[in-house]
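J.: Just model_31.cif, nothing more (mmCIF, C-alpha atoms):
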data_upload
loop_
_atom_site.label_atom_id
_atom_site.label_comp_id
_atom_site.auth_asym_id
_atom_site.auth_seq_id
_atom_site.Cartn_x
_atom_site.Cartn_y
_atom_site.Cartn_z
CA MET A 1093 -26.57 10.20 -4.71
CA LEU A 1094 -27.88 7.10 -2.96
CA ASP A 1095 -27.86 7.14 0.83
CA PHE A 1096 -25.52 4.51 2.25
CA THR A 1097 -25.54 5.91 5.81
CA SER A 1098 -26.36 2.66 7.60
CA TYR A 1099 -23.75 0.75 5.59
CA ALA A 1100 -21.17 3.47 6.24
CA GLU A 1101 -21.83 3.13 9.96
CA GLN A 1102 -21.36 -0.61 9.59
CA VAL A 1103 -17.94 -0.07 8.00
CA TYR A 1104 -16.99 2.38 10.74
CA GLN A 1105 -17.98 -0.02 13.52
CA ARG A 1106 -16.29 -3.00 11.88
CA CYS A 1107 -13.03 -1.07 11.57
CA ASP A 1108 -13.21 -0.60 15.35
CA GLU A 1109 -13.96 -4.28 15.90
CA LEU A 1110 -11.20 -5.51 13.61
CA ALA A 1111 -8.71 -3.17 15.29
CA GLU A 1112 -9.26 -5.06 18.55
CA ILE A 1113 -7.40 -8.03 17.06
CA SER A 1114 -3.80 -7.18 17.87
CA GLN A 1115 -0.72 -9.03 19.09
CA ASP A 1116 0.08 -6.03 21.34
CA ARG A 1117 -2.44 -5.14 24.05
CA GLN A 1118 -1.20 -1.55 24.15
CA CYS A 1119 -1.58 -0.73 20.44
CA LEU A 1120 -2.69 -2.07 17.08
CA ASP A 1121 -0.05 -4.43 15.72
CA ARG A 1122 -1.12 -7.29 13.45
CA ARG A 1123 1.51 -9.01 11.35
CA TYR A 1124 1.54 -11.65 8.66
CA LEU A 1125 0.80 -15.27 9.68
CA THR A 1126 0.40 -14.51 13.37
CA PRO A 1127 -2.59 -15.96 15.26
CA GLN A 1128 -4.07 -12.45 15.10
CA HIS A 1129 -3.78 -12.43 11.31
CA ILE A 1130 -5.68 -15.72 11.10
CA ALA A 1131 -8.29 -14.44 13.57
CA ALA A 1132 -8.76 -11.31 11.43
CA ASN A 1133 -9.26 -13.51 8.36
CA GLN A 1134 -11.90 -15.53 10.18
CA LEU A 1135 -13.82 -12.41 11.22
CA VAL A 1136 -13.68 -11.00 7.69
CA ALA A 1137 -14.87 -14.36 6.33
CA LYS A 1138 -17.83 -14.22 8.72
CA TRP A 1139 -18.84 -10.79 7.42
CA CYS A 1140 -18.42 -11.96 3.82
CA LYS A 1141 -20.75 -14.91 4.41
CA GLU A 1142 -23.36 -12.61 5.96
CA ALA A 1143 -23.21 -10.58 2.74
CA GLY A 1144 -24.00 -13.63 0.61
CA MET A 1145 -20.47 -14.48 -0.45
CA ASN A 1146 -18.58 -17.74 -0.78
CA THR A 1147 -15.34 -17.55 1.19
CA TRP A 1148 -11.89 -19.14 1.25
CA GLN A 1149 -8.40 -18.50 2.52
CA ASP A 1150 -5.77 -19.08 -0.15
CA GLN A 1151 -2.43 -20.84 0.23
CA ALA A 1152 -0.61 -17.57 0.97
CA GLY A 1153 -2.95 -16.64 3.82
CA ASN A 1154 -5.05 -14.08 1.91
CA GLN A 1155 -8.76 -14.03 2.77
CA TRP A 1156 -11.29 -14.06 -0.10
CA GLY A 1157 -14.99 -13.66 -0.61
CA CYS A 1158 -16.97 -13.94 -3.86
CA TYR A 1159 -20.38 -12.45 -4.66
CA ALA A 1160 -21.10 -14.74 -7.56
CA SER A 1161 -22.73 -13.89 -10.85
CA ASP A 1162 -25.38 -16.21 -12.24
CA ASN A 1163 -22.97 -16.71 -15.14
CA ARG A 1164 -20.34 -19.11 -13.83
CA ASP A 1165 -17.98 -18.23 -16.69
CA ALA A 1166 -18.17 -14.49 -16.09
CA PRO A 1167 -14.99 -12.53 -15.33
CA ALA A 1168 -14.30 -11.16 -11.87
CA ILE A 1169 -13.80 -7.65 -10.61
CA VAL A 1170 -11.61 -7.83 -7.51
CA LEU A 1171 -11.91 -5.25 -4.72
CA GLY A 1172 -9.61 -5.23 -1.72
CA SER A 1173 -6.59 -4.16 0.24
CA HIS A 1174 -4.58 -5.52 3.18
CA LEU A 1175 -5.35 -6.66 6.72
CA ASP A 1176 -1.86 -6.44 8.26
CA THR A 1177 -0.67 -3.31 10.07
CA VAL A 1178 2.51 -1.57 11.08
CA PRO A 1179 3.38 -1.66 14.80
CA ASN A 1180 1.36 0.98 16.66
CA GLY A 1181 -0.64 1.51 13.48
CA GLY A 1182 -4.03 2.99 12.66
CA LYS A 1183 -7.30 1.16 12.16
CA TYR A 1184 -8.15 2.33 8.62
CA ASP A 1185 -4.94 1.82 6.63
CA GLY A 1186 -5.67 -1.24 4.49
CA MET A 1187 -8.63 -2.45 6.51
CA LEU A 1188 -10.98 0.18 5.11
CA GLY A 1189 -10.33 -1.15 1.60
CA VAL A 1190 -11.49 -4.61 2.66
CA LEU A 1191 -14.43 -3.76 4.89
CA LEU A 1192 -15.96 -1.07 2.67
CA PRO A 1193 -16.49 -3.43 -0.32
CA ILE A 1194 -17.95 -6.08 2.01
CA SER A 1195 -20.59 -3.61 3.25
CA LEU A 1196 -21.33 -2.54 -0.32
CA ILE A 1197 -21.90 -6.17 -1.25
CA GLN A 1198 -24.10 -6.46 1.84
CA TYR A 1199 -26.21 -3.69 0.25
CA PHE A 1200 -26.36 -5.66 -3.02
CA HIS A 1201 -27.34 -8.81 -1.12
CA ASP A 1202 -30.02 -6.99 0.91
CA ASN A 1203 -31.54 -5.60 -2.29
CA ASN A 1204 -31.27 -8.82 -4.33
CA MET A 1205 -28.96 -7.17 -6.87
CA LYS A 1206 -27.05 -9.35 -9.31
CA PHE A 1207 -24.25 -8.52 -11.72
CA PRO A 1208 -23.00 -9.96 -15.00
CA PHE A 1209 -19.59 -10.42 -13.39
CA HIS A 1210 -18.33 -11.93 -10.15
CA ILE A 1211 -17.35 -9.43 -7.47
CA GLU A 1212 -14.49 -10.73 -5.33
CA VAL A 1213 -13.16 -9.16 -2.15
CA VAL A 1214 -9.63 -9.89 -0.93
CA GLY A 1215 -7.90 -9.09 2.33
CA PHE A 1216 -4.20 -9.49 1.60
CA GLY A 1217 -2.17 -10.97 4.43
CA ASP A 1218 1.00 -8.94 4.05
CA GLU A 1219 1.43 -5.52 2.49
CA GLU A 1220 3.46 -3.70 5.12
CA GLY A 1221 6.33 -6.19 5.35
CA THR A 1222 6.72 -5.55 9.08
CA ARG A 1223 7.31 -9.17 10.08
CA PHE A 1224 9.67 -10.51 7.43
CA GLY A 1225 10.98 -7.30 5.89
CA SER A 1226 9.70 -7.96 2.36
CA THR A 1227 6.57 -6.09 1.34
CA LEU A 1228 3.52 -7.19 -0.67
CA LEU A 1229 3.96 -10.91 0.01
CA GLY A 1230 0.22 -11.61 -0.17
CA SER A 1231 -0.50 -9.74 -3.39
CA GLN A 1232 2.73 -10.94 -5.00
CA ALA A 1233 1.56 -14.52 -4.44
CA VAL A 1234 -1.80 -13.76 -6.08
CA ALA A 1235 -0.05 -12.04 -8.99
CA GLY A 1236 2.11 -15.13 -9.52
CA HIS A 1237 5.37 -13.56 -8.38
CA TRP A 1238 6.07 -15.58 -5.24
CA GLN A 1239 9.79 -16.27 -4.90
CA ASP A 1240 10.97 -19.54 -3.39
CA LYS A 1241 13.88 -17.76 -1.72
CA TRP A 1242 11.37 -16.03 0.58
CA ALA A 1243 11.03 -19.30 2.51
CA SER A 1244 14.20 -18.41 4.41
CA LEU A 1245 13.13 -14.89 5.41
CA MET A 1246 13.37 -14.50 9.20
CA ASP A 1247 11.37 -12.42 11.65
CA SER A 1248 12.78 -10.78 14.78
CA ASN A 1249 12.27 -14.03 16.72
CA GLU A 1250 14.30 -15.97 14.13
CA ILE A 1251 11.21 -17.76 12.84
CA CYS A 1252 11.52 -18.34 9.11
CA LEU A 1253 8.64 -17.77 6.73
CA GLY A 1254 8.27 -21.48 6.04
CA GLN A 1255 7.88 -22.25 9.75
CA ALA A 1256 5.46 -19.35 10.22
CA MET A 1257 3.29 -20.77 7.45
CA ARG A 1258 3.27 -24.19 9.09
CA GLU A 1259 2.26 -22.64 12.41
CA ALA A 1260 -0.58 -20.83 10.61
CA GLY A 1261 -1.82 -24.09 9.10
CA LEU A 1262 -0.37 -23.41 5.64
CA ASP A 1263 2.17 -25.22 3.48
CA ILE A 1264 4.78 -23.04 1.80
CA ASN A 1265 5.21 -25.72 -0.85
CA GLN A 1266 1.61 -25.05 -1.92
CA VAL A 1267 1.80 -21.26 -1.92
CA HIS A 1268 2.08 -21.06 -5.72
CA LYS A 1269 -1.55 -22.25 -5.86
CA ALA A 1270 -2.56 -18.80 -4.59
CA SER A 1271 -1.66 -17.39 -8.00
CA LYS A 1272 -4.50 -16.16 -10.19
CA GLU A 1273 -2.33 -15.91 -13.29
CA GLY A 1274 -4.39 -16.95 -16.27
CA GLY A 1275 -7.60 -16.38 -14.32
CA ASN A 1276 -10.49 -14.37 -15.70
CA ILE A 1277 -9.95 -11.14 -13.76
CA GLU A 1278 -11.12 -7.96 -15.46
CA ALA A 1279 -9.87 -5.42 -12.92
CA PHE A 1280 -8.54 -4.82 -9.44
CA ILE A 1281 -9.85 -1.77 -7.57
CA GLU A 1282 -8.29 -0.72 -4.27
CA VAL A 1283 -9.95 1.75 -1.93
CA HIS A 1284 -7.54 3.29 0.59
CA ILE A 1285 -7.25 6.24 2.90
CA GLU A 1286 -5.10 8.87 1.21
CA GLN A 1287 -2.37 8.86 3.90
CA GLY A 1288 -1.74 12.47 2.96
CA PRO A 1289 -3.35 15.91 3.35
CA VAL A 1290 -4.31 16.79 -0.25
CA LEU A 1291 -7.98 15.76 -0.23
CA GLU A 1292 -8.57 17.42 3.12
CA SER A 1293 -6.91 20.62 1.90
CA LYS A 1294 -9.35 20.68 -1.04
CA ASN A 1295 -12.36 19.67 1.09
CA LEU A 1296 -12.95 16.55 -0.98
CA ALA A 1297 -14.14 13.18 0.28
CA VAL A 1298 -12.59 11.12 -2.51
CA GLY A 1299 -9.99 11.31 -5.25
CA VAL A 1300 -8.99 9.05 -8.13
CA VAL A 1301 -5.38 7.89 -8.16
CA THR A 1302 -3.35 8.50 -11.32
CA GLY A 1303 -0.45 6.24 -10.43
CA ILE A 1304 1.63 4.78 -7.61
CA ALA A 1305 5.10 6.16 -7.11
CA GLY A 1306 8.11 4.02 -7.76
CA ALA A 1307 10.68 4.01 -4.98
CA GLN A 1308 14.32 3.29 -4.35
CA ARG A 1309 15.93 2.97 -0.94
CA PHE A 1310 19.58 3.07 0.03
CA ASN A 1311 21.75 2.76 3.10
CA ILE A 1312 24.60 5.24 2.71
CA GLN A 1313 27.77 5.00 4.81
CA VAL A 1314 30.05 8.00 5.24
CA ASN A 1315 33.53 7.26 6.60
CA GLY A 1316 35.67 10.07 8.01
CA MET A 1317 38.36 10.29 10.67
CA ALA A 1318 37.77 10.21 14.42
CA GLY A 1319 39.54 12.78 16.58
CA HIS A 1320 39.46 14.69 19.84
CA ALA A 1321 36.75 17.36 19.88
CA GLY A 1322 39.07 19.85 21.56
CA THR A 1323 42.36 19.36 19.73
CA VAL A 1324 41.67 18.92 16.01
CA PRO A 1325 41.31 22.31 14.22
CA MET A 1326 38.04 22.78 12.34
CA ALA A 1327 39.73 23.22 8.97
CA MET A 1328 41.63 19.92 9.35
CA ARG A 1329 38.72 17.68 10.27
CA GLN A 1330 37.25 14.80 8.28
CA ASP A 1331 33.95 14.97 10.18
CA ALA A 1332 31.51 12.32 8.98
CA VAL A 1333 28.56 14.06 10.69
CA ASN A 1334 29.10 17.38 8.93
CA ALA A 1335 29.60 15.61 5.60
CA ALA A 1336 26.44 13.53 6.05
CA SER A 1337 24.49 16.61 7.12
CA GLU A 1338 25.49 18.46 3.95
CA MET A 1339 24.53 15.39 1.94
CA ALA A 1340 21.08 15.31 3.58
CA LEU A 1341 20.53 18.93 2.60
CA CYS A 1342 21.62 18.26 -0.97
CA ILE A 1343 19.05 15.45 -1.09
CA GLU A 1344 16.34 17.88 -0.01
CA ASN A 1345 17.41 20.46 -2.59
CA ALA A 1346 17.46 17.91 -5.42
CA ALA A 1347 13.97 16.68 -4.49
CA LEU A 1348 12.65 20.24 -4.65
CA GLU A 1349 14.41 20.90 -7.94
CA PHE A 1350 13.13 17.79 -9.72
CA GLY A 1351 9.67 17.62 -8.14
CA VAL A 1352 10.13 14.26 -6.42
CA VAL A 1353 10.06 13.28 -2.75
CA ALA A 1354 13.22 12.17 -0.96
CA THR A 1355 13.65 11.41 2.72
CA VAL A 1356 16.54 10.78 5.06
CA GLY A 1357 14.59 8.79 7.62
CA LYS A 1358 17.35 7.62 9.96
CA MET A 1359 20.92 8.57 10.74
CA ASN A 1360 23.31 6.71 13.04
CA THR A 1361 26.57 8.25 14.26
CA LEU A 1362 29.69 6.41 15.47
CA PRO A 1363 31.31 6.36 17.91
CA GLY A 1364 28.54 8.58 19.30
CA ALA A 1365 30.51 10.28 22.08
CA VAL A 1366 30.05 13.96 22.92
CA ASN A 1367 33.76 14.75 22.82
CA VAL A 1368 34.74 12.69 19.76
CA ILE A 1369 34.60 13.74 16.11
CA ALA A 1370 32.47 11.11 14.37
CA ASN A 1371 34.34 8.82 12.02
CA LYS A 1372 31.27 7.03 10.61
CA VAL A 1373 27.67 7.96 9.82
CA GLU A 1374 25.10 5.66 8.28
CA PHE A 1375 21.91 7.19 6.91
CA SER A 1376 18.98 6.07 4.79
CA LEU A 1377 17.62 7.54 1.58
CA ASP A 1378 14.09 6.91 0.32
CA ILE A 1379 13.38 8.56 -3.05
CA ARG A 1380 10.04 8.32 -4.87
CA SER A 1381 8.18 9.63 -7.89
CA GLU A 1382 5.19 8.73 -10.00
CA TYR A 1383 7.59 8.98 -12.96
CA ASP A 1384 10.61 6.69 -12.99
CA ASP A 1385 12.64 8.85 -15.37
CA LEU A 1386 12.21 11.89 -13.14
CA ARG A 1387 13.24 9.88 -10.08
CA ASN A 1388 16.29 8.58 -11.92
CA LYS A 1389 17.35 12.11 -12.88
CA ALA A 1390 16.96 13.32 -9.30
CA LEU A 1391 18.94 10.36 -7.99
CA ALA A 1392 21.73 10.98 -10.50
CA ALA A 1393 21.93 14.61 -9.37
CA ILE A 1394 22.06 13.51 -5.72
CA GLN A 1395 24.82 11.01 -6.43
CA GLU A 1396 26.84 13.63 -8.30
CA LYS A 1397 26.52 16.16 -5.47
CA ILE A 1398 27.36 13.59 -2.78
CA ALA A 1399 30.50 12.62 -4.75
CA GLU A 1400 31.52 16.27 -4.80
CA ILE A 1401 31.00 16.55 -1.02
CA GLU A 1402 32.94 13.31 -0.55
CA THR A 1403 35.95 14.72 -2.37
CA ARG A 1404 35.84 18.17 -0.82
CA ARG A 1405 35.46 16.92 2.76
CA GLN A 1406 37.94 14.05 2.31
CA VAL A 1407 35.56 11.34 3.41
CA SER A 1408 34.57 8.10 1.65
CA VAL A 1409 31.03 7.05 0.80
CA LYS A 1410 29.53 3.59 0.25
CA TRP A 1411 26.06 3.07 -1.26
CA ASN A 1412 23.90 -0.03 -0.68
CA GLU A 1413 20.56 -0.27 -2.48
CA THR A 1414 17.98 -2.04 -0.28
CA HIS A 1415 14.79 -1.63 -2.32
CA SER A 1416 13.74 -0.80 -5.87
CA ALA A 1417 10.25 -0.72 -7.36
CA ASP A 1418 9.11 0.88 -10.59
CA ALA A 1419 6.16 3.24 -10.64
CA VAL A 1420 2.78 1.79 -11.62
CA MET A 1421 0.29 3.85 -13.59
CA CYS A 1422 -3.39 3.18 -13.02
CA ASP A 1423 -5.37 1.95 -16.01
CA GLU A 1424 -6.70 4.90 -18.02
CA ASN A 1425 -10.11 3.33 -18.72
CA LEU A 1426 -10.69 2.37 -15.10
CA LYS A 1427 -9.50 5.77 -13.95
CA GLU A 1428 -11.96 7.51 -16.27
CA GLN A 1429 -14.76 5.21 -15.11
CA LEU A 1430 -14.05 6.12 -11.48
CA MET A 1431 -13.93 9.80 -12.40
CA GLN A 1432 -17.30 9.46 -14.14
CA ALA A 1433 -18.81 7.64 -11.17
CA THR A 1434 -17.50 10.34 -8.83
CA ALA A 1435 -19.14 13.09 -10.91
CA GLN A 1436 -22.40 11.12 -11.09
CA CYS A 1437 -22.45 11.16 -7.28
CA GLN A 1438 -22.30 14.97 -7.29
CA GLN A 1439 -18.70 15.00 -6.16
CA SER A 1440 -15.81 16.92 -7.71
CA ALA A 1441 -13.81 14.51 -9.88
CA PHE A 1442 -10.23 15.00 -8.72
CA GLU A 1443 -7.01 13.16 -9.59
CA LEU A 1444 -3.92 12.73 -7.45
CA PRO A 1445 -0.86 10.46 -7.34
CA SER A 1446 -0.03 7.99 -4.58
CA GLY A 1447 3.33 8.48 -2.95
CA ALA A 1448 2.91 5.32 -0.87
CA GLY A 1449 3.10 1.76 -2.17
CA HIS A 1450 -0.01 -0.43 -2.32
CA ASP A 1451 -1.08 -3.95 -3.23
CA ALA A 1452 -2.30 -2.56 -6.56
CA MET A 1453 1.39 -2.36 -7.56
CA ALA A 1454 1.69 -6.16 -7.47
CA MET A 1455 -1.74 -6.75 -9.00
CA ALA A 1456 -0.92 -4.52 -11.99
CA SER A 1457 1.01 -7.38 -13.62
CA LEU A 1458 -2.11 -9.54 -13.39
CA CYS A 1459 -4.86 -7.20 -14.58
CA PRO A 1460 -5.73 -3.51 -15.04
CA VAL A 1461 -5.76 -1.69 -11.68
CA ALA A 1462 -7.20 1.51 -10.28
CA MET A 1463 -7.37 3.15 -6.87
CA LEU A 1464 -9.84 5.38 -5.07
CA PHE A 1465 -8.49 7.47 -2.20
CA MET A 1466 -10.65 8.60 0.70
CA ARG A 1467 -9.88 11.63 2.85
CA CYS A 1468 -8.28 11.07 6.24
CA GLU A 1469 -7.88 13.65 8.97
CA LYS A 1470 -4.70 15.74 8.62
CA GLY A 1471 -3.31 13.07 6.32
CA ILE A 1472 -2.16 11.06 9.34
CA SER A 1473 -1.46 7.37 8.76
CA HIS A 1474 0.63 4.53 10.21
CA HIS A 1475 -0.31 6.00 13.59
CA PRO A 1476 -3.10 5.49 16.17
CA ASP A 1477 -4.41 8.98 15.35
CA GLU A 1478 -5.69 7.86 11.94
CA ALA A 1479 -9.21 9.26 11.64
CA ILE A 1480 -11.94 9.32 9.00
CA LYS A 1481 -15.56 10.50 8.75
CA ALA A 1482 -18.53 8.18 8.38
CA SER A 1483 -19.95 10.69 5.89
CA ASP A 1484 -16.88 10.16 3.68
CA ILE A 1485 -17.42 6.40 3.84
CA ASP A 1486 -20.98 7.10 2.64
CA VAL A 1487 -19.63 9.02 -0.37
CA THR A 1488 -17.03 6.36 -1.16
CA LEU A 1489 -19.65 3.60 -1.04
CA ALA A 1490 -21.82 5.62 -3.43
CA VAL A 1491 -18.95 6.15 -5.88
CA LEU A 1492 -17.92 2.48 -5.84
CA ASN A 1493 -21.56 1.45 -6.25
CA GLN A 1494 -21.98 3.78 -9.24
CA PHE A 1495 -18.78 2.43 -10.78
CA LEU A 1496 -20.10 -1.15 -10.57
CA ILE A 1497 -23.57 -0.15 -11.82
CA ASN A 1498 -21.94 1.55 -14.81
CA LYS A 1499 -19.82 -1.56 -15.41
CA SER A 1500 -22.94 -3.70 -15.39
CA ALA A 1501 -24.64 -1.39 -17.91
CA MET A 1502 -21.62 -1.72 -20.20
CA TYR A 1503 -22.00 -5.50 -20.11
CA ASP A 1504 -25.71 -5.22 -20.89
CA LYS A 1505 -24.97 -2.98 -23.88
CA VAL A 1506 -22.45 -5.45 -25.27
CA GLU A 1507 -24.98 -8.27 -24.95
CA TYR A 1508 -27.62 -6.13 -26.67
CA ASP A 1509 -25.27 -5.21 -29.52
CA ASN A 1510 -24.24 -8.83 -29.94
CA ALA A 1511 -27.91 -9.85 -30.10
CA LEU A 1512 -28.55 -7.28 -32.84
CA ILE A 1513 -25.58 -8.61 -34.83
CA ALA A 1514 -26.82 -12.18 -34.43
#
I need this file expressed as C-alpha cells, please.

T.:
Amino acid sequence: MLDFTSYAEQVYQRCDELAEISQDRQCLDRRYLTPQHIAANQLVAKWCKEAGMNTWQDQAGNQWGCYASDNRDAPAIVLGSHLDTVPNGGKYDGMLGVLLPISLIQYFHDNNMKFPFHIEVVGFGDEEGTRFGSTLLGSQAVAGHWQDKWASLMDSNEICLGQAMREAGLDINQVHKASKEGGNIEAFIEVHIEQGPVLESKNLAVGVVTGIAGAQRFNIQVNGMAGHAGTVPMAMRQDAVNAASEMALCIENAALEFGVVATVGKMNTLPGAVNVIANKVEFSLDIRSEYDDLRNKALAAIQEKIAEIETRRQVSVKWNETHSADAVMCDENLKEQLMQATAQCQQSAFELPSGAGHDAMAMASLCPVAMLFMRCEKGISHHPDEAIKASDIDVTLAVLNQFLINKSAMYDKVEYDNALIA
C-alpha cells in the first residue's frame, strides 16, 4: 500500500482549519448561504487551485474543482460531500469527503499524474437542511431536481431562500443552471465517516456501502381526556401519555421484529402539569431501512398496533407524514471496484449499509453512485466529539487512489482493444 502519511496529515489539519469557520463562536455551526458558507467555499477553492484544479461556484452555491484530463471530451468522475453542518456539529461529517479528495488530487498534481477522465470535486452547500428545513438542496440542484417552490422556504429569522441567495451573491432564478443533467458524468463517489460503530467494532479503517436507507418521518398526535390526577380512577382514564408510551414501545418491538430502525426522537405533553392527566401528546417517528418493502411492512405493523392501542385506550390518533425518501442502492460495478481496491491495499473488504442519508441519494438519479465509509471513534457524529485517526485517512486515500488507478487502467484497455479492432 502506498504511503499517504503527509497527505493524510494535510487532510487532518485542513479539517481543523475549516471547522474554524462557524457562525457560532462557541461551537461549529455552518449553514447554507450564510457568510460562513461562502467563506468555506472560498477556502476550499484555494486548496483546489493549489492542487492544480480549475474552480467555480455554481448557481446553487456548491463549490467545485476540476483536475482536468488532457482529453477535453472525457467523462468526469465526481468525488465529494457537503460543507454545511448541524448546529454544534463535528468537524468531519461531510467535510472529510471534500477535503480528502482534494489532498489526493494534490498527490496526483505533485507527481504529474494524468488520467483519461476528468476528476471533479464538489462541496455541496446544503445536505443537513438545518437552515431551511429541506435537505439535500445543493445536490438536488446538481441532479436537476430543484423545485421552484423552495424559493419561499423560510429560516428561523424569517429570511426566505430567495433572499438568502441574493445576500450570498446568487440569483435563485439562475439556480437551474447548476444542473448537470445530460452532462458526461461517469460516477459519483462519496467518502464519509461512518457515523456508526460497526467499522470500529470490527477494527476496520474502511467499508464499502451497499445502499442508503430510505426513510419516512411522521408527527403523531394522540388525543385523550384531561383530568385531575387525584380524582379520576386509573381504570377510567383516557391518558394520552400512557397511550403514547405504549405506542413508542410497539414501535421499538416492530423495528426489532422486521430488522429496521425506528426512533421516537421527541415527545411533547400537554398541558404538562404535574397534577393533570395529559390530554394530548405529540411524538415523532423516524423509520428507516435499506429495503423499502421491509420498511413498508414494519410501518404497516406499527400502524395496525397503534390503531389497536387507540381503540383499547379510548384515545384518538392523527398521523402527519413530514418526510419520505426511497432507499438508494449503490451501483454494483462501482461497489465491486471499491471492494477490489480495498483488498489491493491489504485491507479487509467489508460491506455495510448506510442508515443515514447522504448527497449520493440525490446524485443517484444523475449517474451511478458509490460510497466509502471511514471509521470514526465510537460511531459519534453530529457532535463536537467526532474523532478520526490520521492513519485511517491514510488508508482511505490509498483505497481511493487505487480505485482511480484501476479506473484509468480500464480506460487504457478499452483504447487498446479498440486499436486492435481498427

J.: Translate the PyMOL selection byres ((chain A and resi 1225-1229) around 12), as applied to the file shown, into an explicit residue set as number ranges by chain.

T.: A: 1123-1125, 1151-1154, 1173-1178, 1215-1224, 1230-1248, 1252-1253, 1267-1268, 1270-1271, 1414-1417, 1449-1455

J.: Could you state which residues are captured by the PyMOL selection byres ((chain A and resi 1424) around 12) in this file, as a PyMOL selection string?

T.: chain A and resi 1279+1300-1303+1420-1423+1425-1431+1443+1460-1463

J.: What residues come out when you apply the PyMOL selection byres ((chain A and resi 1488-1501) around 9) to this file, written as a VMD selection string?

T.: chain A and resid 1093 to 1096 1099 to 1100 1192 to 1193 1195 to 1196 1207 to 1209 1283 1297 to 1298 1429 to 1437 1439 1464 to 1466 1483 to 1487 1502 to 1506

J.: Work out how far CA of Ile1194 (chain A) is from CA of Ala1160 (chain A), in Å to one decimal.

T.: 13.3 Å

J.: How many Å separate CA of Val1214 (chain A) from CA of Pro1127 (chain A)?

T.: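 A separation of 18.7 Å between them.
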
J.: Could you check the closest approach to His1320 (chain A) for each of A:Asn1367, A:Asn1345, A:Gln1287, A:Gln1155 and tell me which residue wins, using only C-alpha atoms?

T.: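 Between A:Asn1367, A:Asn1345, A:Gln1287, A:Gln1155, the residue approaching His1320 (chain A) most closely is A:Asn1367.
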
J.: So that I can see what lies close to region 1132-1146 of chain A, please list as a PyMOL selection string the residues with an atom at most 7 Å from it, counting all atoms listed in the file and leaving out residues fewer than 6 positions away in the same chain.

T.: chain A and resi 1110+1113+1155+1157-1159+1194+1197-1198+1201

J.: Output as lines of an AutoDock Vina configuration file the centre and edge lengths (Å, one decimal) of the box along x, y and z of the file that holds every listed atom of region 1224-1234 of chain A after adding 4 Å on each side.

T.:
center_x = 4.6
center_y = -10.3
center_z = 0.7
size_x = 20.8
size_y = 16.4
size_z = 21.5

J.: Which of these, A:Asp1165, A:Glu1344, A:Glu1374, A:Glu1469, has the shortest distance to Leu1391 (chain A) once you count all atoms listed in the file?

T.: A:Glu1344

J.: Quick one, how far is CA of Pro1167 (chain A) from CA of Ile1277 (chain A)?

T.: 5.5 Å
